[in-house]
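Engineer: If it helps, the file is called input19.txt and holds compact mmCIF, C-alpha atoms:
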```txt
# COMPACT_ATOMS: atom_id res chain seq x y z
CA MET V 1 -54.00 20.29 21.93
CA PRO V 2 -56.07 23.52 22.03
CA ARG V 3 -54.38 26.51 20.45
CA ARG V 4 -52.80 29.12 22.72
CA LYS V 5 -54.81 32.27 23.20
CA LEU V 6 -53.43 35.73 22.53
CA PRO V 7 -51.95 37.52 25.60
CA ASN V 8 -54.95 39.84 25.62
CA TYR V 9 -58.04 40.70 23.60
CA LEU V 10 -58.17 44.39 24.51
CA ARG V 11 -58.10 45.54 20.90
CA THR V 12 -60.86 43.12 19.97
CA HIS V 13 -63.14 44.43 22.70
CA ARG V 14 -62.28 48.06 21.95
CA LYS V 15 -63.08 47.64 18.28
CA ARG V 16 -66.36 45.95 19.13
CA THR V 17 -67.40 49.00 21.14
CA GLY V 18 -66.24 51.38 18.39
CA PHE V 19 -64.12 53.50 20.78
CA SER V 20 -60.93 55.05 19.47
CA GLN V 21 -57.71 54.56 21.43
CA GLU V 22 -57.95 58.19 22.60
CA GLU V 23 -61.48 57.68 23.91
CA LEU V 24 -60.46 54.52 25.70
CA ALA V 25 -57.44 56.26 27.21
CA PHE V 26 -59.82 58.87 28.63
CA LEU V 27 -62.08 56.18 30.13
CA LEU V 28 -59.05 54.46 31.65
CA GLY V 29 -57.78 57.72 33.12
CA CYS V 30 -54.61 57.65 31.00
CA GLN V 31 -53.07 60.87 29.74
CA ASN V 32 -52.81 59.76 26.13
CA ALA V 33 -53.46 56.88 23.78
CA SER V 34 -49.89 55.61 23.60
CA LYS V 35 -50.37 53.39 26.68
CA VAL V 36 -53.51 51.91 25.17
CA SER V 37 -51.58 51.19 21.99
CA ARG V 38 -48.81 49.46 23.97
CA TYR V 39 -51.31 47.28 25.85
CA GLU V 40 -52.99 46.28 22.59
CA ARG V 41 -49.67 45.42 20.96
CA PHE V 42 -48.76 43.24 23.96
CA ALA V 43 -45.78 45.52 24.58
CA ARG V 44 -46.80 46.37 28.13
CA LEU V 45 -48.92 44.87 30.90
CA PRO V 46 -51.44 47.20 32.49
CA THR V 47 -51.54 47.70 36.26
CA LEU V 48 -54.20 45.94 38.29
CA LYS V 49 -56.21 49.17 38.51
CA THR V 50 -56.10 49.59 34.73
CA ALA V 51 -57.04 45.91 34.20
CA LEU V 52 -60.02 46.39 36.51
CA ALA V 53 -60.95 49.55 34.61
CA TYR V 54 -60.93 47.50 31.39
CA GLU V 55 -63.28 45.00 33.02
CA ALA V 56 -65.59 47.83 34.07
CA ILE V 57 -65.56 49.33 30.55
CA PHE V 58 -66.06 46.18 28.51
CA GLY V 59 -68.11 44.11 30.95
CA ALA V 60 -65.79 41.16 30.39
CA SER V 61 -63.76 39.49 33.14
CA ILE V 62 -60.01 40.03 33.45
CA ARG V 63 -59.64 36.32 32.74
CA GLU V 64 -61.45 36.73 29.43
CA LEU V 65 -59.65 39.96 28.51
CA PHE V 66 -56.20 38.57 29.31
CA ALA V 67 -56.92 34.99 28.26
CA GLY V 68 -53.41 34.11 27.08
CA ILE V 69 -51.70 35.49 30.18
CA TYR V 70 -54.29 33.76 32.38
CA GLU V 71 -53.54 30.41 30.67
CA GLU V 72 -49.81 30.79 31.32
CA ILE V 73 -50.29 31.71 34.95
CA GLU V 74 -52.84 28.94 35.46
CA GLN V 75 -50.31 26.39 34.14
CA GLU V 76 -47.58 27.67 36.47
CA VAL V 77 -49.94 27.62 39.45
CA ARG V 78 -51.02 24.09 38.58
CA LYS V 79 -47.41 22.88 38.58
CA ARG V 80 -46.79 24.49 41.96
CA ALA V 81 -50.04 22.99 43.26
CA GLU V 82 -48.81 19.52 42.25
CA THR V 83 -45.53 20.11 44.09
CA LEU V 84 -47.30 21.34 47.22
CA ALA V 85 -49.81 18.47 47.14
CA GLN V 86 -46.94 15.96 47.04
CA LYS V 87 -45.24 17.80 49.87
CA ILE V 88 -48.19 17.83 52.29
CA TYR V 89 -49.76 14.50 51.33
CA THR V 90 -50.18 12.00 54.12
CA GLU V 91 -52.18 8.73 54.31
CA ASN V 92 -54.26 9.92 57.27
CA PRO V 93 -54.57 13.68 56.89
CA ASP V 94 -56.18 15.80 59.58
CA LEU V 95 -59.16 17.97 58.63
CA LEU V 96 -57.07 20.99 57.76
CA THR V 97 -54.67 19.02 55.53
CA ALA V 98 -57.58 17.22 53.88
CA SER V 99 -59.20 20.55 53.08
CA LYS V 100 -55.94 21.85 51.60
CA LEU V 101 -55.53 18.69 49.49
CA ASP V 102 -59.09 19.04 48.19
CA HIS V 103 -58.41 22.60 47.19
CA LEU V 104 -55.12 21.64 45.52
CA ARG V 105 -56.88 18.87 43.56
CA ALA V 106 -59.41 21.43 42.36
CA ILE V 107 -56.54 23.59 41.13
CA ILE V 108 -54.80 20.65 39.42
CA PHE V 109 -57.81 18.88 37.90
CA GLY V 110 -60.40 21.65 37.78
CA PRO V 111 -63.41 22.07 40.11
CA ASP V 112 -65.76 20.11 37.78
CA ILE V 113 -63.77 16.88 38.22
CA ILE V 114 -63.93 17.21 42.01
CA GLU V 115 -67.71 17.75 41.89
CA GLU V 116 -68.18 14.67 39.67
CA ASN V 117 -66.21 12.50 42.08
CA SER V 118 -67.87 13.72 45.31
CA MET M 1 -55.98 20.98 -0.12
CA LYS M 2 -55.61 19.48 3.32
CA ARG M 3 -56.98 21.76 6.00
CA LEU M 4 -55.88 21.86 9.61
CA PRO M 5 -58.40 20.78 12.27
CA CYS M 6 -60.41 23.90 12.95
CA ASP M 7 -60.52 24.16 16.76
CA ASN M 8 -59.67 27.76 17.56
CA LEU M 9 -57.47 28.11 14.48
CA ARG M 10 -56.33 31.65 13.92
CA ILE M 11 -56.84 32.67 10.31
CA LEU M 12 -55.58 35.90 8.78
CA GLY M 13 -57.42 36.90 5.60
CA ILE M 14 -55.84 39.57 3.41
CA ALA M 15 -57.57 41.34 0.54
CA PRO M 16 -55.25 43.70 -1.40
CA SER M 17 -56.80 46.73 -3.05
CA THR M 18 -55.67 49.76 -5.04
CA ARG M 19 -55.08 51.78 -1.86
CA GLY M 20 -53.57 49.11 0.39
CA PHE M 21 -55.32 46.07 1.83
CA GLY M 22 -58.16 44.91 4.00
CA PHE M 23 -57.54 42.31 6.68
CA ALA M 24 -59.49 40.16 9.12
CA VAL M 25 -58.34 37.79 11.86
CA LEU M 26 -60.65 34.95 12.84
CA GLU M 27 -60.13 32.70 15.84
CA GLY M 28 -62.26 29.69 15.00
CA GLU M 29 -65.36 30.16 12.93
CA GLU M 30 -67.20 32.35 15.41
CA GLU M 31 -64.76 34.90 16.79
CA LEU M 32 -63.57 37.92 14.84
CA ILE M 33 -60.47 39.16 16.65
CA ASP M 34 -59.35 42.08 14.52
CA TRP M 35 -60.26 43.73 11.26
CA GLY M 36 -59.44 46.84 9.30
CA VAL M 37 -58.14 48.58 6.24
CA LYS M 38 -54.55 49.68 5.85
CA ALA M 39 -54.04 52.54 3.43
CA ILE M 40 -50.57 52.91 1.98
CA ARG M 41 -49.48 56.43 1.10
CA ARG M 42 -46.19 55.90 -0.70
CA ARG M 43 -47.17 55.01 -4.25
CA GLU M 44 -43.70 53.90 -5.33
CA TYR M 45 -43.34 51.48 -2.43
CA LYS M 46 -46.90 50.25 -2.12
CA ASN M 47 -46.11 46.54 -2.14
CA GLU M 48 -43.12 46.88 0.19
CA ASP M 49 -45.13 48.93 2.69
CA CYS M 50 -48.06 46.49 2.44
CA LEU M 51 -45.76 43.56 3.15
CA ARG M 52 -44.23 45.39 6.11
CA GLN M 53 -47.67 45.95 7.61
CA ILE M 54 -48.69 42.36 6.91
CA ALA M 55 -45.50 41.18 8.61
CA ASP M 56 -46.50 43.27 11.67
CA LEU M 57 -49.90 41.59 11.67
CA THR M 58 -48.34 38.13 11.52
CA ASP M 59 -45.96 39.03 14.38
CA ARG M 60 -48.86 40.25 16.50
CA TYR M 61 -51.38 37.51 15.82
CA ARG M 62 -49.19 34.51 14.95
CA PRO M 63 -51.83 33.11 12.60
CA ASP M 64 -52.02 29.41 11.76
CA VAL M 65 -53.08 30.14 8.20
CA ILE M 66 -52.92 33.17 5.89
CA VAL M 67 -55.66 33.22 3.27
CA VAL M 68 -55.44 35.26 0.08
CA GLU M 69 -57.13 35.32 -3.29
CA ASN M 70 -56.02 32.90 -5.95
CA CYS M 71 -55.42 35.29 -8.83
CA HIS M 72 -53.86 32.72 -11.14
CA VAL M 73 -57.14 31.22 -12.23
CA LYS M 74 -58.60 31.74 -15.68
CA GLY M 75 -60.56 34.96 -15.83
CA SER M 76 -58.82 36.72 -12.96
CA ARG M 77 -58.48 40.42 -13.70
CA ARG M 78 -56.13 41.34 -10.90
CA SER M 79 -53.49 43.91 -11.82
CA PRO M 80 -49.82 42.82 -12.11
CA ARG M 81 -48.98 44.84 -8.97
CA ILE M 82 -51.58 43.03 -6.86
CA GLN M 83 -50.61 39.66 -8.31
CA LYS M 84 -47.04 40.45 -7.26
CA LEU M 85 -48.20 41.53 -3.81
CA ILE M 86 -50.15 38.31 -3.31
CA GLN M 87 -47.07 36.35 -4.33
CA GLY M 88 -45.05 38.41 -1.83
CA ILE M 89 -47.57 37.50 0.90
CA LEU M 90 -47.19 33.80 0.11
CA VAL M 91 -43.40 34.13 0.28
CA LEU M 92 -43.69 35.96 3.62
CA ALA M 93 -45.94 33.19 4.95
CA SER M 94 -43.46 30.55 3.82
CA GLN M 95 -40.51 32.38 5.43
CA ARG M 96 -42.39 32.53 8.73
CA ARG M 97 -43.52 28.91 8.42
CA ILE M 98 -47.16 29.93 8.31
CA ARG M 99 -49.47 27.80 6.25
CA SER M 100 -51.07 29.70 3.37
CA CYS M 101 -54.20 29.07 1.40
CA ARG M 102 -55.63 30.61 -1.76
CA PHE M 103 -59.24 30.81 -2.81
CA SER M 104 -60.49 32.02 -6.15
CA ARG M 105 -63.46 34.39 -6.33
CA VAL M 106 -65.59 31.49 -7.53
CA GLN M 107 -64.64 29.42 -4.49
CA VAL M 108 -65.43 32.27 -2.09
CA ARG M 109 -68.76 32.80 -3.85
CA LYS M 110 -69.55 29.08 -3.50
CA ALA M 111 -68.69 29.21 0.22
CA PHE M 112 -71.53 31.71 0.66
CA ALA M 113 -73.85 30.26 -1.97
CA LEU M 114 -76.07 28.47 0.57
CA SER M 115 -77.05 31.78 2.18
CA GLY M 116 -78.30 32.97 -1.22
CA THR M 117 -75.80 35.80 -1.61
CA LEU M 118 -75.69 36.99 -5.17
CA THR M 119 -73.43 40.03 -5.22
CA LYS M 120 -70.34 41.10 -3.32
CA TYR M 121 -72.49 43.52 -1.34
CA ASP M 122 -74.97 40.76 -0.44
CA ARG M 123 -72.03 38.76 0.84
CA ALA M 124 -70.88 41.75 2.89
CA LEU M 125 -74.41 42.00 4.36
CA GLU M 126 -74.28 38.30 5.24
CA ILE M 127 -70.90 38.79 6.92
CA ALA M 128 -72.21 41.81 8.86
CA LYS M 129 -75.10 39.64 10.10
CA ARG M 130 -72.73 36.93 11.25
CA PHE M 131 -70.29 39.43 12.79
CA PRO M 132 -72.41 42.37 14.01
CA GLU M 133 -69.31 44.31 15.06
CA LEU M 134 -68.68 44.86 11.33
CA ALA M 135 -72.10 46.34 10.67
CA PRO M 136 -71.02 49.97 11.41
CA ARG M 137 -68.28 49.59 8.78
CA LEU M 138 -70.62 48.48 6.01
CA PRO M 139 -70.70 51.15 3.30
CA ARG M 140 -73.80 51.97 1.28
CA ARG M 141 -74.64 49.78 -1.69
CA ARG M 142 -72.48 50.88 -4.57
CA LYS M 143 -74.05 52.63 -7.56
CA PRO M 144 -72.68 52.03 -11.10
CA TRP M 145 -70.81 55.37 -11.19
CA MET M 146 -69.15 54.91 -7.81
CA SER M 147 -65.72 53.41 -7.12
CA GLU M 148 -65.61 50.66 -4.54
CA ASP M 149 -65.48 51.92 -0.97
CA GLU M 150 -62.20 50.93 0.66
CA ARG M 151 -64.13 49.48 3.64
CA MET M 152 -65.27 46.63 1.40
CA GLY M 153 -61.72 45.31 1.84
CA ILE M 154 -62.68 44.34 5.42
CA PHE M 155 -65.55 42.22 4.13
CA ASP M 156 -63.48 40.71 1.33
CA ALA M 157 -60.79 39.72 3.84
CA THR M 158 -63.38 38.30 6.27
CA ALA M 159 -64.99 36.34 3.42
CA LEU M 160 -61.60 34.87 2.51
CA ALA M 161 -60.82 33.91 6.11
CA PHE M 162 -64.29 32.48 6.66
CA SER M 163 -64.07 30.43 3.45
CA TYR M 164 -61.35 28.39 5.10
CA PHE M 165 -63.95 26.91 7.44
CA ARG M 166 -66.49 26.06 4.72
```
Let me see the structure of the file written as structure tokens.
Structural biologist:
Amino acid sequence: MPRRKLPNYLRTHRKRTGFSQEELAFLLGCQNASKVSRYERFARLPTLKTALAYEAIFGASIRELFAGIYEEIEQEVRKRAETLAQKIYTENPDLLTASKLDHLRAIIFGPDIIEENS
Amino acid sequence: MKRLPCDNLRILGIAPSTRGFGFAVLEGEEELIDWGVKAIRRREYKNEDCLRQIADLTDRYRPDVIVVENCHVKGSRRSPRIQKLIQGILVLASQRRIRSCRFSRVQVRKAFALSGTLTKYDRALEIAKRFPELAPRLPRRRKPWMSEDERMGIFDATALAFSYFR
């Protein structure tokens, strides 16, 4: 089983750029570095705007920056997708239901599996 | 020594020094997640403060393995304080159910032998090539009258952590 990722890799990316926490706080539009420190210590989740600012600063996607949190959410979504797929499944689905089921399968199994089978 | 399968293992390397310790966190062989030098100011409580900071690092990164120097080999010239600190790190790892691993200086040197590194500085250069983010932290080559730059602790710690994969 692959090892769980850290909640975020903000500190890693900041250190790679060489920016101090104060400099990064300025780029993010924060008043001081304490918020940056809390994000890096996994003590606080940034807002969507701040997460997008991180993406703009580091050139890495939110998914990559918050890899551990993304993994958790992806797992939860997958479970809910399985439940919904069971709920709407029918032997002769109409076009709309078939489209939904395809999309749910992509969520559950990953888009690559769907492409291989089509 | 039986090693864990290496897929995305998180390894924390710790290199104690006179002023504190250097550390490096590797996730797999290719990704350096964090690195740095922690300087401890309180002389009387150096080991206790070091262990507190190391405990913080283990809480934050939840490493699979902690790697330190094996200072109980013949020829090791580590001071009694640092030997005690390394023992304290191993106890901390055991208390937190984190696997620990010790490499002697000879073993670390052998891990880098294929790249032709001769001195500690050559090894640091090799590490800076492999992990370019460390290049700005590389000090100048030490002259005989100079003490070791504390930033070398980062490279010592990275070398220890990287040795786990060799």
Engineer: May I have the residues within 8 Å of Ala93 of chain M as a list in words, using all atoms listed in the file and disregarding those fewer than 6 positions away in the same chain?
Structural biologist: Ile66, Arg99 and Ser100 of chain M
Engineer: Find the residues around segment 63-70 of chain V up to 7 Å (all atoms listed in the file counted), leave out those fewer than 3 positions away in its own chain, and share them as a short mmCIF file (atom, residue, chain, number, x, y, z; two decimals) with C-alpha atoms, keeping the file's coordinate frame.
Structural biologist:
```cif
data_model
loop_
_atom_site.label_atom_id
_atom_site.label_comp_id
_atom_site.auth_asym_id
_atom_site.auth_seq_id
_atom_site.Cartn_x
_atom_site.Cartn_y
_atom_site.Cartn_z
CA ARG V 4 -52.80 29.12 22.72
CA LYS V 5 -54.81 32.27 23.20
CA LEU V 6 -53.43 35.73 22.53
CA PRO V 7 -51.95 37.52 25.60
CA ASN V 8 -54.95 39.84 25.62
CA TYR V 9 -58.04 40.70 23.60
CA LEU V 10 -58.17 44.39 24.51
CA ALA V 60 -65.79 41.16 30.39
CA ILE V 73 -50.29 31.71 34.95
CA GLU V 74 -52.84 28.94 35.46
#
```
Engineer: Give the residues of chain V that lie within 9 Å of chain M; count only C-alpha atoms, and format the answer as a VMD selection string.
Structural biologist: chain V and resid 2 to 6 9 11 to 13 15 to 18 41 to 42
Engineer: Go ahead and save the picked residues with C-alpha atoms, as an mmCIF file, keeping the file's coordinate frame.
Structural biologist:
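After the write, selection_18.cif holds the following:
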```cif
data_model
loop_
_atom_site.group_PDB
_atom_site.id
_atom_site.type_symbol
_atom_site.label_atom_id
_atom_site.label_comp_id
_atom_site.auth_asym_id
_atom_site.auth_seq_id
_atom_site.Cartn_x
_atom_site.Cartn_y
_atom_site.Cartn_z
ATOM 1 C CA PRO V 2 -56.070 23.520 22.030
ATOM 2 C CA ARG V 3 -54.380 26.510 20.450
ATOM 3 C CA ARG V 4 -52.800 29.120 22.720
ATOM 4 C CA LYS V 5 -54.810 32.270 23.200
ATOM 5 C CA LEU V 6 -53.430 35.730 22.530
ATOM 6 C CA TYR V 9 -58.040 40.700 23.600
ATOM 7 C CA ARG V 11 -58.100 45.540 20.900
ATOM 8 C CA THR V 12 -60.860 43.120 19.970
ATOM 9 C CA HIS V 13 -63.140 44.430 22.700
ATOM 10 C CA LYS V 15 -63.080 47.640 18.280
ATOM 11 C CA ARG V 16 -66.360 45.950 19.130
ATOM 12 C CA THR V 17 -67.400 49.000 21.140
ATOM 13 C CA GLY V 18 -66.240 51.380 18.390
ATOM 14 C CA ARG V 41 -49.670 45.420 20.960
ATOM 15 C CA PHE V 42 -48.760 43.240 23.960
#
```
Engineer: Residues proximal to (-60.1, 45.8, -0.1) were defined as those with any atom within 12 Å of that point in the file's coordinates, counting all atoms listed in the file. Which are they, as JSON, numbers by chain?
Structural biologist: {"M": [13, 14, 15, 16, 17, 18, 19, 20, 21, 22, 23, 24, 35, 36, 37, 38, 39, 68, 69, 82, 120, 124, 147, 148, 149, 150, 151, 152, 153, 154, 155, 156, 157, 158, 159, 160]}
Engineer: Pick out the residues sitting within 7 Å of segment 45-52 of chain M, and hand them over as a PyMOL selection string; count all atoms listed in the file, and ignore anything fewer than 2 positions along from it in its own chain.
Structural biologist: chain M and resi 20+40+42-43+54-56+85+89
Engineer: Quick one: distance from atom CA of Ala51 of chain V to atom CA of Glu23 of chain V in Å, one decimal?
Structural biologist: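 Separation of atom CA of Ala51 of chain V and atom CA of Glu23 of chain V: 16.3 Å.
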Engineer: What's the separation between atom CA of Val91 of chain M and atom CA of Ala111 of chain M, in Å to one decimal place?
Structural biologist: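 Separation between atom CA of Val91 of chain M and atom CA of Ala111 of chain M: 25.8 Å.
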Engineer: As an exercise, work out the distance from atom CA of Ile107 of chain V to atom CA of Asn92 of chain V in Å and give it to one decimal place.
Structural biologist: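 Here the two named atoms are 21.3 Å from each other.
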Engineer: Please provide as a list in words all residues within 12 Å of Lys110 of chain M, with the sequence filter that same-chain residues fewer than 2 positions apart are discarded (counting only C-alpha atoms).
Structural biologist: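 Listing them by chain and then by number gives Phe103, Ser104, Arg105, Val106, Gln107, Val108, Phe112, Ala113, Leu114, Ser115, Gly116, Thr117, Leu118, Thr119, Arg123, Ala159, Leu160, Phe162, Ser163, Tyr164 and Arg166 of chain M.
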Engineer: Keeping only C-alpha atoms, write those residues as a CSV table (one decimal), in the frame of the given file.
Structural biologist:
```csv
chain,number,residue,atom,x,y,z
M,103,PHE,CA,-59.2,30.8,-2.8
M,104,SER,CA,-60.5,32.0,-6.2
M,105,ARG,CA,-63.5,34.4,-6.3
M,106,VAL,CA,-65.6,31.5,-7.5
M,107,GLN,CA,-64.6,29.4,-4.5
M,108,VAL,CA,-65.4,32.3,-2.1
M,112,PHE,CA,-71.5,31.7,0.7
M,113,ALA,CA,-73.8,30.3,-2.0
M,114,LEU,CA,-76.1,28.5,0.6
M,115,SER,CA,-77.0,31.8,2.2
M,116,GLY,CA,-78.3,33.0,-1.2
M,117,THR,CA,-75.8,35.8,-1.6
M,118,LEU,CA,-75.7,37.0,-5.2
M,119,THR,CA,-73.4,40.0,-5.2
M,123,ARG,CA,-72.0,38.8,0.8
M,159,ALA,CA,-65.0,36.3,3.4
M,160,LEU,CA,-61.6,34.9,2.5
M,162,PHE,CA,-64.3,32.5,6.7
M,163,SER,CA,-64.1,30.4,3.4
M,164,TYR,CA,-61.4,28.4,5.1
M,166,ARG,CA,-66.5,26.1,4.7
```
Engineer: Have a look at V:Glu71, V:Ile108, V:Ser99, V:Thr50 and name the one nearest to Thr83 of chain V; count only C-alpha atoms.
Structural biologist: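 Of V:Glu71, V:Ile108, V:Ser99, V:Thr50, the one nearest Thr83 of chain V is V:Ile108, counting only C-alpha atoms.
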Engineer: Using all atoms listed in the file, find the one residue out of V:His103, V:Glu40, V:Glu76, V:Phe109 that sits nearest to Ala25 of chain V.
Structural biologist: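 Distance minimum relative to Ala25 of chain V lands on V:Glu40.
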Engineer: Could you write segment 70-82 of chain V as a PDB file, in the coordinates of the input, with N, CA, C and O atoms rebuilt where they are missing?
Structural biologist:
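Output contents, as saved in selection-v8.pdb:
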```pdb
ATOM      1  N   TYR V  70     -53.634  34.592  31.368  1.00  0.00           N
ATOM      2  CA  TYR V  70     -54.290  33.760  32.380  1.00  0.00           C
ATOM      3  C   TYR V  70     -53.894  32.286  32.193  1.00  0.00           C
ATOM      4  O   TYR V  70     -53.581  31.585  33.160  1.00  0.00           O
ATOM      5  N   GLU V  71     -53.895  31.813  30.953  1.00  0.00           N
ATOM      6  CA  GLU V  71     -53.540  30.410  30.670  1.00  0.00           C
ATOM      7  C   GLU V  71     -52.142  30.087  31.161  1.00  0.00           C
ATOM      8  O   GLU V  71     -51.910  29.037  31.763  1.00  0.00           O
ATOM      9  N   GLU V  72     -51.208  31.000  30.896  1.00  0.00           N
ATOM     10  CA  GLU V  72     -49.810  30.790  31.320  1.00  0.00           C
ATOM     11  C   GLU V  72     -49.711  30.706  32.830  1.00  0.00           C
ATOM     12  O   GLU V  72     -49.070  29.809  33.378  1.00  0.00           O
ATOM     13  N   ILE V  73     -50.374  31.653  33.486  1.00  0.00           N
ATOM     14  CA  ILE V  73     -50.290  31.710  34.950  1.00  0.00           C
ATOM     15  C   ILE V  73     -50.976  30.494  35.551  1.00  0.00           C
ATOM     16  O   ILE V  73     -50.491  29.893  36.528  1.00  0.00           O
ATOM     17  N   GLU V  74     -52.100  30.102  34.965  1.00  0.00           N
ATOM     18  CA  GLU V  74     -52.840  28.940  35.460  1.00  0.00           C
ATOM     19  C   GLU V  74     -51.957  27.683  35.400  1.00  0.00           C
ATOM     20  O   GLU V  74     -51.929  26.870  36.323  1.00  0.00           O
ATOM     21  N   GLN V  75     -51.209  27.547  34.289  1.00  0.00           N
ATOM     22  CA  GLN V  75     -50.310  26.390  34.140  1.00  0.00           C
ATOM     23  C   GLN V  75     -49.229  26.392  35.210  1.00  0.00           C
ATOM     24  O   GLN V  75     -48.912  25.350  35.793  1.00  0.00           O
ATOM     25  N   GLU V  76     -48.648  27.569  35.444  1.00  0.00           N
ATOM     26  CA  GLU V  76     -47.580  27.670  36.470  1.00  0.00           C
ATOM     27  C   GLU V  76     -48.142  27.349  37.845  1.00  0.00           C
ATOM     28  O   GLU V  76     -47.511  26.632  38.626  1.00  0.00           O
ATOM     29  N   VAL V  77     -49.325  27.873  38.144  1.00  0.00           N
ATOM     30  CA  VAL V  77     -49.940  27.620  39.450  1.00  0.00           C
ATOM     31  C   VAL V  77     -50.238  26.131  39.608  1.00  0.00           C
ATOM     32  O   VAL V  77     -50.022  25.544  40.672  1.00  0.00           O
ATOM     33  N   ARG V  78     -50.696  25.516  38.531  1.00  0.00           N
ATOM     34  CA  ARG V  78     -51.020  24.090  38.580  1.00  0.00           C
ATOM     35  C   ARG V  78     -49.783  23.261  38.924  1.00  0.00           C
ATOM     36  O   ARG V  78     -49.841  22.351  39.744  1.00  0.00           O
ATOM     37  N   LYS V  79     -48.660  23.616  38.300  1.00  0.00           N
ATOM     38  CA  LYS V  79     -47.410  22.880  38.580  1.00  0.00           C
ATOM     39  C   LYS V  79     -47.036  23.038  40.043  1.00  0.00           C
ATOM     40  O   LYS V  79     -46.647  22.063  40.713  1.00  0.00           O
ATOM     41  N   ARG V  80     -47.146  24.243  40.555  1.00  0.00           N
ATOM     42  CA  ARG V  80     -46.790  24.490  41.960  1.00  0.00           C
ATOM     43  C   ARG V  80     -47.765  23.786  42.888  1.00  0.00           C
ATOM     44  O   ARG V  80     -47.393  23.294  43.958  1.00  0.00           O
ATOM     45  N   ALA V  81     -49.034  23.697  42.454  1.00  0.00           N
ATOM     46  CA  ALA V  81     -50.040  22.990  43.260  1.00  0.00           C
ATOM     47  C   ALA V  81     -49.686  21.498  43.353  1.00  0.00           C
ATOM     48  O   ALA V  81     -49.843  20.873  44.403  1.00  0.00           O
ATOM     49  N   GLU V  82     -49.216  20.937  42.243  1.00  0.00           N
ATOM     50  CA  GLU V  82     -48.810  19.520  42.250  1.00  0.00           C
ATOM     51  C   GLU V  82     -47.661  19.313  43.224  1.00  0.00           C
ATOM     52  O   GLU V  82     -47.652  18.351  44.002  1.00  0.00           O
TER      53      GLU V  82
END
```
